[in-house]
Each structure stands twice: as structure tokens, then as C-alpha cells.
Amino acid sequence: MPQNQGNFPTQFLISVPKKIFKTAVTRNKIKRRVREAYRLNKHQLITSSGKSLFIAYIYVAKEVLPFEEIQLKLIQTLIRLKEH
């Protein structure tokens with residue numbers, strides 16, 4: 001584990017299945033949307049405990065969702081993680 005992780009000691013993995021989304025262009029578009037939603041909302045995850053988190057986000061929808069919907073679901077997920 002890296003010693004210097006900065007203010008956000010969380011590592012974030014995004015997985016988009018190749019079986020559902022055949023083209024790399026589509027998979028990359030989804031990953032960019034999820035990454036941007038996380039970047040804009042990662043401040044909601046910060047806790048005073050200072051623990052490191054490792055988050056794997058697996059995209060399971062069968063179609064490409066709009067950014068607003070991805071962001072809403074990601075916010076809900078981050079809030080649930082913060083509660084635990």
C-alpha cells in the first residue's frame with residue numbers, strides 16, 4: 001500500500017463488462033462518466049477516521065445511462081458507504 005495517499009486515501013476501480021458492451025468506445029465512455037461522477041462527489045466519502053478504502057464499482061446496467069443518473073446512483077452508494 002502506498003505511503004503517501006494525500007487527502008483522499010481511497011482507491012477507486014471501475015469495471016465495465018466486455019460481454020455486455022462490445023466496443024471499447026462504449027466501455028470508455030461509461031468509465032469516463034463514472035470517473036467524473038466520483039471526482040465531483042468524493043468529498044462526501046471523507047470521514048474523520050482516516051481509514052483507507054478500496055472501492056470497486058462494477059457497472060451492471062444493460063444500457064449506457066446518462067451522466068445525471070450515474071451520478072445520482074454513485075452519490076447514493078457513497079452515502080451508504082459513509083454510514084458504514
# chains A, B, ... in the order shown; residues from 1 in each chain; ligands from 1
>>> residues_around(residues="Glu63 (chain A)", least_positions_apart="4", cutoff="10 Å", atoms="only C-alpha atoms", output="list in words")
Ile20, Phe21, Thr26, Ile30 and Tyr59 of chain A
>>> write_last_selection(atoms="N, CA and C atoms", output="short mmCIF file (atom, residue, chain, number, x, y, z; two decimals), in the first residue's frame")
data_model
loop_
_atom_site.label_atom_id
_atom_site.label_comp_id
_atom_site.auth_asym_id
_atom_site.auth_seq_id
_atom_site.Cartn_x
_atom_site.Cartn_y
_atom_site.Cartn_z
N ILE A 20 -21.11 -7.37 -22.20
CA ILE A 20 -22.33 -6.59 -22.45
C ILE A 20 -22.05 -5.46 -23.44
N PHE A 21 -20.93 -4.75 -23.26
CA PHE A 21 -20.58 -3.61 -24.12
C PHE A 21 -19.38 -4.03 -24.97
N THR A 26 -17.57 2.45 -26.22
CA THR A 26 -18.70 2.48 -25.28
C THR A 26 -18.24 2.24 -23.85
N ILE A 30 -18.51 5.00 -20.64
CA ILE A 30 -19.12 4.70 -19.33
C ILE A 30 -18.12 4.95 -18.22
N TYR A 59 -20.17 -1.78 -13.24
CA TYR A 59 -21.31 -1.26 -13.99
C TYR A 59 -22.14 -2.45 -14.48
#
>>> select_by_dssp(residues="chain A", states="strand (DSSP E or B)", output="ChimeraX atom specification")
/A:10-15,53-58
>>> write_last_selection(atoms="N, CA and C atoms", output="PDB file, in the first residue's frame")
ATOM      1  N   THR A  10      -8.486   6.923  -0.738  1.00  0.00           N
ATOM      2  CA  THR A  10      -9.390   5.935  -1.307  1.00  0.00           C
ATOM      3  C   THR A  10      -8.922   5.578  -2.708  1.00  0.00           C
ATOM      4  N   GLN A  11      -8.915   4.284  -2.986  1.00  0.00           N
ATOM      5  CA  GLN A  11      -8.613   3.831  -4.337  1.00  0.00           C
ATOM      6  C   GLN A  11      -9.908   3.359  -4.967  1.00  0.00           C
ATOM      7  N   PHE A  12     -10.114   3.704  -6.222  1.00  0.00           N
ATOM      8  CA  PHE A  12     -11.387   3.506  -6.896  1.00  0.00           C
ATOM      9  C   PHE A  12     -11.171   2.739  -8.192  1.00  0.00           C
ATOM     10  N   LEU A  13     -11.853   1.600  -8.342  1.00  0.00           N
ATOM     11  CA  LEU A  13     -11.742   0.761  -9.528  1.00  0.00           C
ATOM     12  C   LEU A  13     -13.086   0.773 -10.247  1.00  0.00           C
ATOM     13  N   ILE A  14     -13.053   0.913 -11.570  1.00  0.00           N
ATOM     14  CA  ILE A  14     -14.271   0.887 -12.374  1.00  0.00           C
ATOM     15  C   ILE A  14     -14.170  -0.292 -13.335  1.00  0.00           C
ATOM     16  N   SER A  15     -15.211  -1.121 -13.339  1.00  0.00           N
ATOM     17  CA  SER A  15     -15.236  -2.270 -14.231  1.00  0.00           C
ATOM     18  C   SER A  15     -16.497  -2.219 -15.083  1.00  0.00           C
ATOM     19  N   LEU A  53      -9.826   3.284   1.965  1.00  0.00           N
ATOM     20  CA  LEU A  53     -10.897   2.498   1.370  1.00  0.00           C
ATOM     21  C   LEU A  53     -10.475   2.046  -0.020  1.00  0.00           C
ATOM     22  N   PHE A  54     -10.904   0.877  -0.382  1.00  0.00           N
ATOM     23  CA  PHE A  54     -10.702   0.341  -1.717  1.00  0.00           C
ATOM     24  C   PHE A  54     -12.084   0.039  -2.263  1.00  0.00           C
ATOM     25  N   ILE A  55     -12.498   0.776  -3.283  1.00  0.00           N
ATOM     26  CA  ILE A  55     -13.848   0.666  -3.823  1.00  0.00           C
ATOM     27  C   ILE A  55     -13.783   0.108  -5.234  1.00  0.00           C
ATOM     28  N   ALA A  56     -14.589  -0.926  -5.509  1.00  0.00           N
ATOM     29  CA  ALA A  56     -14.728  -1.462  -6.863  1.00  0.00           C
ATOM     30  C   ALA A  56     -16.151  -1.174  -7.328  1.00  0.00           C
ATOM     31  N   TYR A  57     -16.286  -0.425  -8.391  1.00  0.00           N
ATOM     32  CA  TYR A  57     -17.578  -0.055  -8.940  1.00  0.00           C
ATOM     33  C   TYR A  57     -17.775  -0.854 -10.219  1.00  0.00           C
ATOM     34  N   ILE A  58     -18.707  -1.796 -10.200  1.00  0.00           N
ATOM     35  CA  ILE A  58     -18.967  -2.649 -11.357  1.00  0.00           C
ATOM     36  C   ILE A  58     -20.255  -2.184 -12.016  1.00  0.00           C
TER      37      ILE A  58
END
>>> atom_distance(atom1="CA of Leu40 (chain A)", atom2="CA of Lys22 (chain A)")
27.9 Å
>>> closest_residue(among="A:Val64, A:Asn41, A:Lys51, A:Ile46", to="Asn28 (chain A)", atoms="only C-alpha atoms")
A:Val64
>>> select_by_dssp(residues="region 3-81 of chain A", states="alpha helix (DSSP H)", output="VMD selection string")
chain A and resid 24 to 41 67 to 81
>>> closest_residue(among="A:His84, A:Arg35, A:Pro9, A:His43", to="Gln71 (chain A)", atoms="only C-alpha atoms")
A:Arg35
>>> closest_residue(among="A:Ala24, A:Val60, A:Leu45, A:Val34", to="Ile79 (chain A)", atoms="only C-alpha atoms")
A:Leu45
>>> atom_distance(atom1="CA of Glu68 (chain A)", atom2="CA of Ser52 (chain A)")
27.4 Å
>>> residues_around(residues="Gln76 (chain A)", least_positions_apart="5", cutoff="12 Å", atoms="only C-alpha atoms", output="VMD selection string")
chain A and resid 37 to 38 41 to 42 44 to 45 69 to 71 81 to 83
>>> write_last_selection(atoms="C-alpha atoms", output="short mmCIF file (atom, residue, chain, number, x, y, z; two decimals), in the first residue's frame")
data_model
loop_
_atom_site.label_atom_id
_atom_site.label_comp_id
_atom_site.auth_asym_id
_atom_site.auth_seq_id
_atom_site.Cartn_x
_atom_site.Cartn_y
_atom_site.Cartn_z
CA ALA A 37 -19.22 11.45 -11.08
CA TYR A 38 -16.80 10.09 -8.47
CA ASN A 41 -18.66 13.71 -5.24
CA LYS A 42 -15.72 12.05 -3.47
CA GLN A 44 -18.99 13.05 0.59
CA LEU A 45 -16.96 9.98 1.49
CA GLU A 69 -28.39 9.07 -13.49
CA ILE A 70 -24.91 7.60 -12.97
CA GLN A 71 -24.06 10.49 -10.66
CA LEU A 81 -20.54 3.59 2.38
CA LYS A 82 -20.03 6.57 4.67
CA GLU A 83 -22.76 5.29 7.03
#
